[in-house]
Structure formats: C-alpha cells, structure tokens
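data03.cif follows (mmCIF, C-alpha atoms):
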```
data_data
#
loop_
_atom_site.label_atom_id
_atom_site.label_comp_id
_atom_site.auth_asym_id
_atom_site.auth_seq_id
_atom_site.Cartn_x
_atom_site.Cartn_y
_atom_site.Cartn_z
CA MET S 164 0.81 24.05 25.99
CA ILE S 165 -0.75 24.49 22.58
CA ASP S 166 -1.89 27.81 21.21
CA VAL S 167 -5.63 27.17 20.98
CA SER S 168 -6.21 30.71 19.73
CA LYS S 169 -5.06 29.73 16.27
CA PRO S 170 -7.96 28.55 14.09
CA ARG S 171 -5.86 26.01 12.24
CA MET S 172 -4.62 24.41 15.41
CA LEU S 173 -8.20 24.20 16.63
CA LYS S 174 -9.09 22.29 13.50
CA VAL S 175 -6.14 19.98 13.96
CA LEU S 176 -7.15 19.18 17.51
CA ALA S 177 -10.84 19.05 16.79
CA GLY S 178 -10.27 16.50 14.08
CA ALA S 179 -8.00 14.46 16.29
CA GLY S 180 -10.26 14.63 19.32
CA LEU S 181 -13.83 15.15 18.25
CA SER S 182 -14.23 11.66 17.02
CA LEU S 183 -12.25 9.83 19.65
CA PHE S 184 -15.15 7.83 20.97
CA ALA S 185 -16.51 6.63 17.69
CA VAL S 186 -14.28 3.70 16.91
CA THR S 187 -16.36 1.57 19.26
CA ALA S 188 -19.25 1.99 16.93
CA MET S 189 -17.40 -0.57 14.85
CA ALA S 190 -18.34 -3.98 16.11
CA ASP S 191 -14.81 -5.17 15.37
CA ASP S 192 -12.83 -1.91 15.10
CA THR S 193 -12.56 -2.34 11.35
CA LEU S 194 -15.82 -3.54 9.79
CA GLY S 195 -17.68 -0.27 10.14
CA LEU S 196 -15.18 2.44 9.33
CA SER S 197 -17.97 4.83 8.61
CA GLU S 198 -18.29 4.97 12.39
CA SER S 199 -14.54 5.22 12.85
CA LEU S 200 -12.52 8.08 14.23
CA PHE S 201 -11.71 9.22 10.73
CA SER S 202 -15.25 9.52 9.41
CA ILE S 203 -16.41 11.67 12.32
CA GLY S 204 -13.79 14.33 11.68
CA ALA S 205 -10.56 13.85 9.80
CA PRO S 206 -7.75 15.99 11.27
CA GLU S 207 -6.20 18.80 9.27
CA VAL S 208 -2.69 17.67 10.17
CA THR S 209 -0.18 18.95 7.63
CA GLN S 210 3.52 19.32 8.24
CA ALA S 211 5.29 19.59 11.55
CA PRO S 212 4.38 22.64 13.68
CA GLY S 213 6.03 25.85 12.58
CA ALA S 214 8.66 27.80 14.46
CA GLY S 215 7.52 28.74 17.95
CA ALA S 216 4.60 26.29 17.98
CA SER S 217 4.58 23.47 20.51
CA PRO S 218 4.94 19.99 18.98
CA TRP S 219 2.58 18.63 21.66
CA ARG S 220 -1.16 18.21 21.14
CA PHE S 221 -3.62 16.74 23.66
CA ALA S 222 -7.32 15.90 23.76
CA VAL S 223 -9.63 14.04 26.14
CA GLY S 224 -13.23 13.13 25.52
CA ALA S 225 -16.10 10.73 26.00
CA GLY S 226 -19.10 9.56 24.06
CA VAL S 227 -22.00 7.14 23.89
CA VAL S 228 -22.75 4.99 20.85
CA ASN S 229 -25.69 2.83 19.86
CA MET S 230 -24.39 0.03 17.64
CA PRO S 231 -25.28 -3.47 16.38
CA LYS S 232 -24.59 -6.22 18.94
CA PHE S 233 -22.42 -7.92 16.32
CA PRO S 234 -21.87 -7.59 12.55
CA GLY S 235 -25.17 -8.66 11.00
CA ALA S 236 -27.22 -8.33 14.21
CA SER S 237 -30.78 -7.05 14.30
CA GLY S 238 -30.44 -5.95 17.93
CA THR S 239 -28.35 -3.06 19.21
CA LYS S 240 -26.44 -2.11 22.34
CA TRP S 241 -25.07 1.06 23.94
CA GLU S 242 -21.37 1.61 24.59
CA ALA S 243 -19.79 4.38 26.68
CA VAL S 244 -16.32 5.32 25.48
CA PRO S 245 -13.64 7.48 27.12
CA SER S 246 -10.70 8.64 25.02
CA VAL S 247 -7.29 10.24 25.36
CA SER S 248 -5.07 11.51 22.54
CA VAL S 249 -1.43 12.56 22.83
CA ASN S 250 0.59 13.73 19.82
CA TYR S 251 4.22 14.83 19.67
CA ASP S 252 5.26 16.09 16.25
CA ARG S 253 4.80 13.05 13.96
CA PHE S 254 4.29 10.52 16.79
CA PHE S 255 0.97 9.65 18.42
CA ILE S 256 -0.46 7.45 21.16
CA GLY S 257 -4.06 6.79 22.16
CA ALA S 258 -6.90 7.84 19.89
CA ASN S 259 -6.00 8.86 16.35
CA PRO S 260 -8.50 9.58 13.54
CA ASP S 261 -6.22 8.60 10.68
CA ALA S 262 -5.40 5.27 12.33
CA GLY S 263 -9.11 4.80 13.03
CA SER S 264 -8.51 3.54 16.56
CA VAL S 265 -8.97 4.60 20.18
CA LEU S 266 -5.92 2.55 21.20
CA SER S 267 -3.00 3.19 18.88
CA LEU S 268 0.74 3.77 18.89
CA GLY S 269 2.32 5.03 15.72
CA ALA S 270 3.92 7.71 13.59
CA TYR S 271 3.40 9.65 10.39
CA LEU S 272 5.99 8.54 7.86
CA TYR S 273 5.25 11.39 5.47
CA ARG S 274 3.20 14.60 5.71
CA ASP S 275 2.65 17.61 3.51
CA SER S 276 -0.25 19.95 2.77
CA ASN S 277 -2.19 17.16 1.02
CA TRP S 278 -0.81 13.81 2.14
CA ARG S 279 -0.58 11.96 5.45
CA VAL S 280 0.95 8.49 5.41
CA GLY S 281 1.62 6.53 8.57
CA ALA S 282 2.03 3.23 10.38
CA ALA S 283 0.59 2.13 13.71
CA LEU S 284 0.03 -0.68 16.14
CA THR S 285 -3.59 -0.74 17.29
CA TYR S 286 -5.65 -2.77 19.75
CA ASP S 287 -9.39 -3.40 19.90
CA PHE S 288 -11.11 -1.24 22.52
CA ILE S 289 -14.14 -3.49 22.98
CA GLU S 290 -14.75 -7.21 22.65
CA PRO S 291 -15.50 -7.72 18.94
CA ARG S 292 -18.08 -10.44 19.52
CA SER S 293 -19.12 -12.46 22.56
CA GLU S 294 -21.51 -15.39 22.86
CA SER S 295 -23.25 -13.48 25.64
CA ASP S 296 -24.12 -10.62 23.26
CA ASP S 297 -27.04 -12.47 21.69
CA SER S 298 -28.72 -15.89 21.82
CA ARG S 299 -27.94 -16.33 18.12
CA LEU S 300 -24.23 -16.49 18.97
CA HIS S 301 -24.46 -19.34 21.49
CA GLY S 302 -22.09 -22.12 20.51
CA LEU S 303 -20.06 -20.00 18.10
CA GLY S 304 -17.37 -18.97 20.58
CA ASP S 305 -16.08 -15.47 21.21
CA VAL S 306 -14.18 -13.32 18.72
CA LYS S 307 -11.32 -12.06 20.87
CA ARG S 308 -9.67 -8.67 21.01
CA THR S 309 -6.40 -8.55 19.11
CA ALA S 310 -3.49 -6.35 18.12
CA HIS S 311 -3.16 -5.09 14.55
CA ALA S 312 -0.33 -3.75 12.42
CA GLU S 313 -1.64 -0.99 10.19
CA LEU S 314 -0.57 1.14 7.26
CA PHE S 315 -2.77 4.11 6.32
CA GLY S 316 -2.78 6.92 3.81
CA VAL S 317 -4.90 10.06 3.66
CA TYR S 318 -5.18 12.58 0.83
CA THR S 319 -6.99 15.92 1.22
CA TRP S 320 -7.91 18.30 -1.57
CA GLU S 321 -9.92 21.36 -0.57
CA PHE S 322 -13.05 20.01 1.17
CA VAL S 323 -12.66 16.35 0.12
CA THR S 324 -10.57 13.75 1.95
CA ALA S 325 -9.87 10.16 0.92
CA ARG S 326 -8.47 7.56 3.31
CA ALA S 327 -7.24 4.00 2.76
CA SER S 328 -5.88 1.53 5.30
CA VAL S 329 -4.72 -2.07 5.61
CA LEU S 330 -4.80 -3.84 9.00
CA THR S 331 -3.44 -7.29 9.83
CA ASP S 332 -3.90 -9.35 12.99
CA ILE S 333 -0.46 -9.82 14.56
CA ALA S 334 -1.58 -11.63 17.73
CA GLY S 335 -2.82 -14.86 16.14
CA ASN S 336 -6.51 -14.43 16.96
CA ASP S 337 -7.87 -15.40 13.52
CA ARG S 338 -8.77 -11.85 12.55
CA GLY S 339 -6.96 -11.91 9.21
CA THR S 340 -6.44 -8.82 7.09
CA VAL S 341 -8.82 -5.95 6.34
CA ALA S 342 -8.56 -3.19 3.73
CA THR S 343 -10.75 -0.10 3.89
CA PHE S 344 -11.44 2.96 1.77
CA ASP S 345 -13.45 6.03 2.80
CA LEU S 346 -14.29 9.32 1.14
CA LEU S 347 -15.35 12.30 3.23
CA GLY S 348 -16.67 15.71 2.17
CA ARG S 349 -16.82 18.58 4.67
CA TYR S 350 -18.80 21.79 4.80
CA GLN S 351 -18.83 24.68 7.29
CA PRO S 352 -22.15 26.57 7.15
CA ILE S 353 -20.95 28.73 10.06
CA ALA S 354 -17.54 29.17 11.68
CA ARG S 355 -18.26 26.92 14.68
CA LEU S 356 -20.08 24.12 12.87
CA THR S 357 -18.51 21.48 10.61
CA LEU S 358 -20.67 18.98 8.74
CA SER S 359 -19.25 15.95 6.96
CA ALA S 360 -20.58 13.02 4.96
CA GLY S 361 -19.33 10.32 2.66
CA PRO S 362 -19.26 6.69 1.53
CA GLY S 363 -16.89 3.87 2.35
CA LEU S 364 -16.23 0.17 1.86
CA THR S 365 -14.45 -2.71 3.56
CA TRP S 366 -12.70 -5.76 2.10
CA GLY S 367 -11.91 -8.76 4.30
CA SER S 368 -9.54 -11.68 3.82
CA ASP S 369 -10.63 -15.34 3.96
CA LYS S 370 -9.70 -15.59 7.64
CA TYR S 371 -11.40 -12.32 8.57
CA ASN S 372 -14.70 -13.12 6.84
CA GLU S 373 -14.65 -16.72 8.06
CA THR S 374 -14.18 -15.58 11.67
CA TYR S 375 -17.15 -13.21 11.58
CA PHE S 376 -19.51 -14.89 9.13
CA GLY S 377 -18.40 -18.53 8.76
CA VAL S 378 -19.70 -21.53 10.72
CA ASN S 379 -17.42 -24.58 10.96
CA SER S 380 -18.56 -28.11 11.82
CA GLU S 381 -17.84 -27.75 15.55
CA GLN S 382 -19.70 -24.45 15.77
CA SER S 383 -22.58 -25.96 13.82
CA ALA S 384 -22.85 -28.89 16.25
CA ARG S 385 -22.87 -26.57 19.27
CA SER S 386 -25.12 -23.83 17.88
CA GLY S 387 -27.49 -25.69 15.57
CA LEU S 388 -26.66 -23.34 12.69
CA PRO S 389 -25.75 -24.89 9.33
CA THR S 390 -22.10 -24.96 8.30
CA TYR S 391 -21.08 -22.03 6.13
CA SER S 392 -17.84 -20.91 4.52
CA ALA S 393 -17.13 -17.22 3.91
CA SER S 394 -14.37 -16.36 1.46
CA SER S 395 -12.43 -13.13 0.93
CA GLY S 396 -14.10 -10.16 -0.69
CA LEU S 397 -16.07 -6.97 -0.19
CA ASN S 398 -18.20 -7.31 2.94
CA GLN S 399 -19.57 -3.83 3.59
CA LEU S 400 -20.69 -0.60 1.93
CA ARG S 401 -21.56 2.39 4.09
CA PHE S 402 -22.49 6.06 4.26
CA SER S 403 -22.11 8.37 7.27
CA VAL S 404 -23.29 11.84 8.21
CA ASN S 405 -21.57 13.76 11.01
CA GLY S 406 -21.65 17.13 12.72
CA VAL S 407 -19.20 18.85 15.08
CA TYR S 408 -19.89 22.09 16.95
CA ARG S 409 -17.28 24.14 18.83
CA ILE S 410 -19.15 25.49 21.85
CA ALA S 411 -16.04 27.16 23.32
CA THR S 412 -12.35 27.58 22.54
CA ARG S 413 -11.45 24.24 24.08
CA TRP S 414 -14.80 22.41 24.05
CA ASN S 415 -16.49 20.58 21.17
CA VAL S 416 -19.59 18.42 20.90
CA GLY S 417 -20.78 16.31 18.02
CA ALA S 418 -23.08 13.65 16.65
CA SER S 419 -22.84 10.94 14.01
CA VAL S 420 -25.13 8.51 12.22
CA SER S 421 -23.98 5.78 9.86
CA PHE S 422 -25.84 3.48 7.49
CA ALA S 423 -24.06 0.26 6.48
CA TRP S 424 -24.97 -2.64 4.20
CA LEU S 425 -23.33 -6.06 4.38
CA ARG S 426 -22.21 -7.45 1.04
CA GLY S 427 -20.74 -10.64 -0.43
CA ASP S 428 -20.69 -13.81 1.65
CA ALA S 429 -21.66 -11.82 4.74
CA THR S 430 -25.21 -11.40 3.42
CA ASP S 431 -25.90 -15.15 3.17
CA SER S 432 -24.26 -16.18 6.44
CA PRO S 433 -26.57 -18.02 8.89
CA ILE S 434 -25.13 -15.74 11.57
CA THR S 435 -26.46 -12.64 9.81
CA GLU S 436 -29.94 -11.53 10.89
CA LYS S 437 -30.02 -8.16 9.16
CA THR S 438 -27.88 -6.92 6.28
CA SER S 439 -28.56 -3.21 6.90
CA GLN S 440 -26.97 -1.70 10.02
CA ILE S 441 -27.40 1.70 11.68
CA THR S 442 -25.03 3.22 14.23
CA TYR S 443 -25.33 6.61 15.92
CA GLY S 444 -23.62 8.44 18.74
CA LEU S 445 -23.02 11.64 20.70
CA PHE S 446 -19.72 12.89 22.08
CA ALA S 447 -17.89 15.74 23.82
CA ASN S 448 -14.24 16.70 23.67
CA TYR S 449 -11.81 18.96 25.55
CA LEU S 450 -8.57 20.28 24.02
CA PHE S 451 -5.52 21.42 25.98
#
```
Turn the structure described in the file into structure tokens.
Amino acid sequence: MIDVSKPRMLKVLAGAGLSLFAVTAMADDTLGLSESLFSIGAPEVTQAPGAGASPWRFAVGAGVVNMPKFPGASGTKWEAVPSVSVNYDRFFIGANPDAGSVLSLGAYLYRDSNWRVGAALTYDFIEPRSESDDSRLHGLGDVKRTAHAELFGVYTWEFVTARASVLTDIAGNDRGTVATFDLLGRYQPIARLTLSAGPGLTWGSDKYNETYFGVNSEQSARSGLPTYSASSGLNQLRFSVNGVYRIATRWNVGASVSFAWLRGDATDSPITEKTSQITYGLFANYLF
C-alpha cells in the first residue's frame, strides 16, 4: 500500500488519477489533447520511489464529459468514463497522464527531477467517429478504434510543464501519425486546490487529416458532400483551464474546460460545421 500521508506522493497520484476520465473528451484520443489526461493534471513523477516506499501506485475514478460529436461538429454529446490506473516503478497500465490515454501499457525510459521520457502502446477508449453520431456523417463510413505506438517526453521546471508526443497507428486503420505539444502552468492558491491552464497544438499526417477531414469519391457519392483532400499540417490550436480539489486524503474532484480551434485543411473541409470547439467535464478520483 502507498503512503498517502506524504504530500509528494499525493501529488503523484493526484496527477496520475485526477484526470483519468478526460481522454474521452478527445473525439479521437489525439486531436484534442487539451482535454487529455495530461492537461487536466500532469503527474509529479520524478525518479523511482525512495528507500522504504512502495513501488506500487493505484487510482480509480470516473467522470462525465460534454464533447463535440466529431472533430468539427456543431453538436455535442455526453460521455461517461470509468478509469483505472496501476503503476509499478517505471511501468504503467491503464490510464496514464503522460501517455494521454485511458487505455495504455508502457514504461518510462528515463526519469529525473525535471524529465520524464517514455514509450507506450495505447488504444482508443471510445469510437472516434461513427455515421450514427450525426446526419452529416451519413455515407462517410466509421472511423474505427485503433492501437497506437507512442513516444512522449515531459519537462517540468518549477510551475511550468511542457509535453510532446508522437503517436502512430499500428493496426492499419488509416489513422496515420499525430504529433502534439502542450504547455501547462499550475498554481496552488490553497493547499488542497490546484489550478492549471495552458495552450497546445496538434499536427496530423496526410493519412490522419484525410481520414477525419477528407472526402473521397466514394464517400462523396454516398453522402452528397463534395470531394475534398486534406494534407498534412497543423490542424488544431487549443487552450484549457482546469481545477482539482482534494476533499480528503484519498479523494479528489475536479473540473475542466477546453477551447479548441481547427486550423489548416480542417477548417475548409465539407465535414466541418464549426471550427471552434468547447469541451468540459467533471470527475472524481480515489487513491489507494
């Protein structure tokens, strides 16, 4: 069992667990990283636990998120998200903030007081896009869940944390490659409350952007939308504001709101209804 009486360990677990639900606020688990696990509360994981400390860390939680029905949608939907996080020394399974996923299996390759670098296999928690989500999608086909190989790096200096990641579809579901960068500043007005905010951006490969924002000739014939080709490039800018409150030694609650703006070829896609997107959610978390 972990020693939850230690403030630093609380922060480690809070960061790893407080945001477990939030990855589903990303319509595709990558496009909206401002709603990712990381942006809600980056963990203060440093080196391996010291002498006498257990290498095990656990967290369970649940949340509800209001999110766009699909990238570029004007309508929204609610998602309920359970989460489980298990960490042993440098290895992790389940939800992990640095990996930005609810479903992950990976390890930290390097850690010190400032850096965290790791690799993971991740899987989409929700269906990225389904024809049944909105009448505008009829004839376009579904965007299927897939598995990703990911490399990520996080650098923390005082109250500022920067995170970068690269994810590649390894299951052949036309999801391509995505690179993300996020910057997060944190502030504690009181001991139990942590506020955070910061910008981020997402770059997508040809295949990624074409899957979400392109319309080929077959899709055009079925849907009535004009053909459209989306090439690689920056497809989103974002800014998120988050708050986490520790109501008891093992219990935390929090809230998040994110503002995102589609960029590049995503803005002119006939699939896109609205280039500005808002996502918000509430969550609770238990540490043990």
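When the PyMOL selection byres ((chain S and resi 303) around 10) is run on the displayed coordinates, the residues it returns are Arg292, Ser293, Glu294, Arg299, Leu300, His301, Gly302, Gly304, Asp305, Val306, Thr374, Tyr375, Gly377, Val378, Asn379, Glu381, Gln382, Ser383, Ala384, Arg385, Ser386, Gly387, Leu388 and Ile434 of chain S.
Near S:Val407, within 7 Å and counting all atoms listed in the file, sit S:Leu356, S:Thr357, S:Leu358, S:Asn415, S:Val416, S:Gly417, S:Ala418; same-chain residues fewer than 5 positions away were not included.
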To verify the selection step, state as a ChimeraX atom specification which residues the PyMOL selection byres ((chain S and resi 443-447) around 7) yields on this input.
/S:181,184,224-230,415-421,441-442,448
For atom CA of S:Arg338 and atom CA of S:Gly361, determine how far apart the two atoms are, in Å to one decimal place.
26.5 Å
Which residues fall under the PyMOL selection byres ((chain S and resi 250) around 8) in this file, as a PyMOL selection string?
chain S and resi 218-221+248-249+251-256
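The space separating atom CA of S:Ser368 from atom CA of S:Val244 comes to 28.4 Å.
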Can you tell me, as a PyMOL selection string, what residues are no more than 12 Å from S:Thr309 when counting only C-alpha atoms, ignoring any on the same chain fewer than 4 positions away?
chain S and resi 191-193+266+284-292+330-339
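Across S:Leu346, S:Ala310, S:Val280, S:Ala243, the tightest approach to S:Leu268 is made by S:Ala310 when counting only C-alpha atoms.
Shortest separation to S:Glu373 among S:Gly257, S:Ala429, S:Ala423, S:Tyr350 occurs at residue S:Ala429, atoms counted being all atoms listed in the file.
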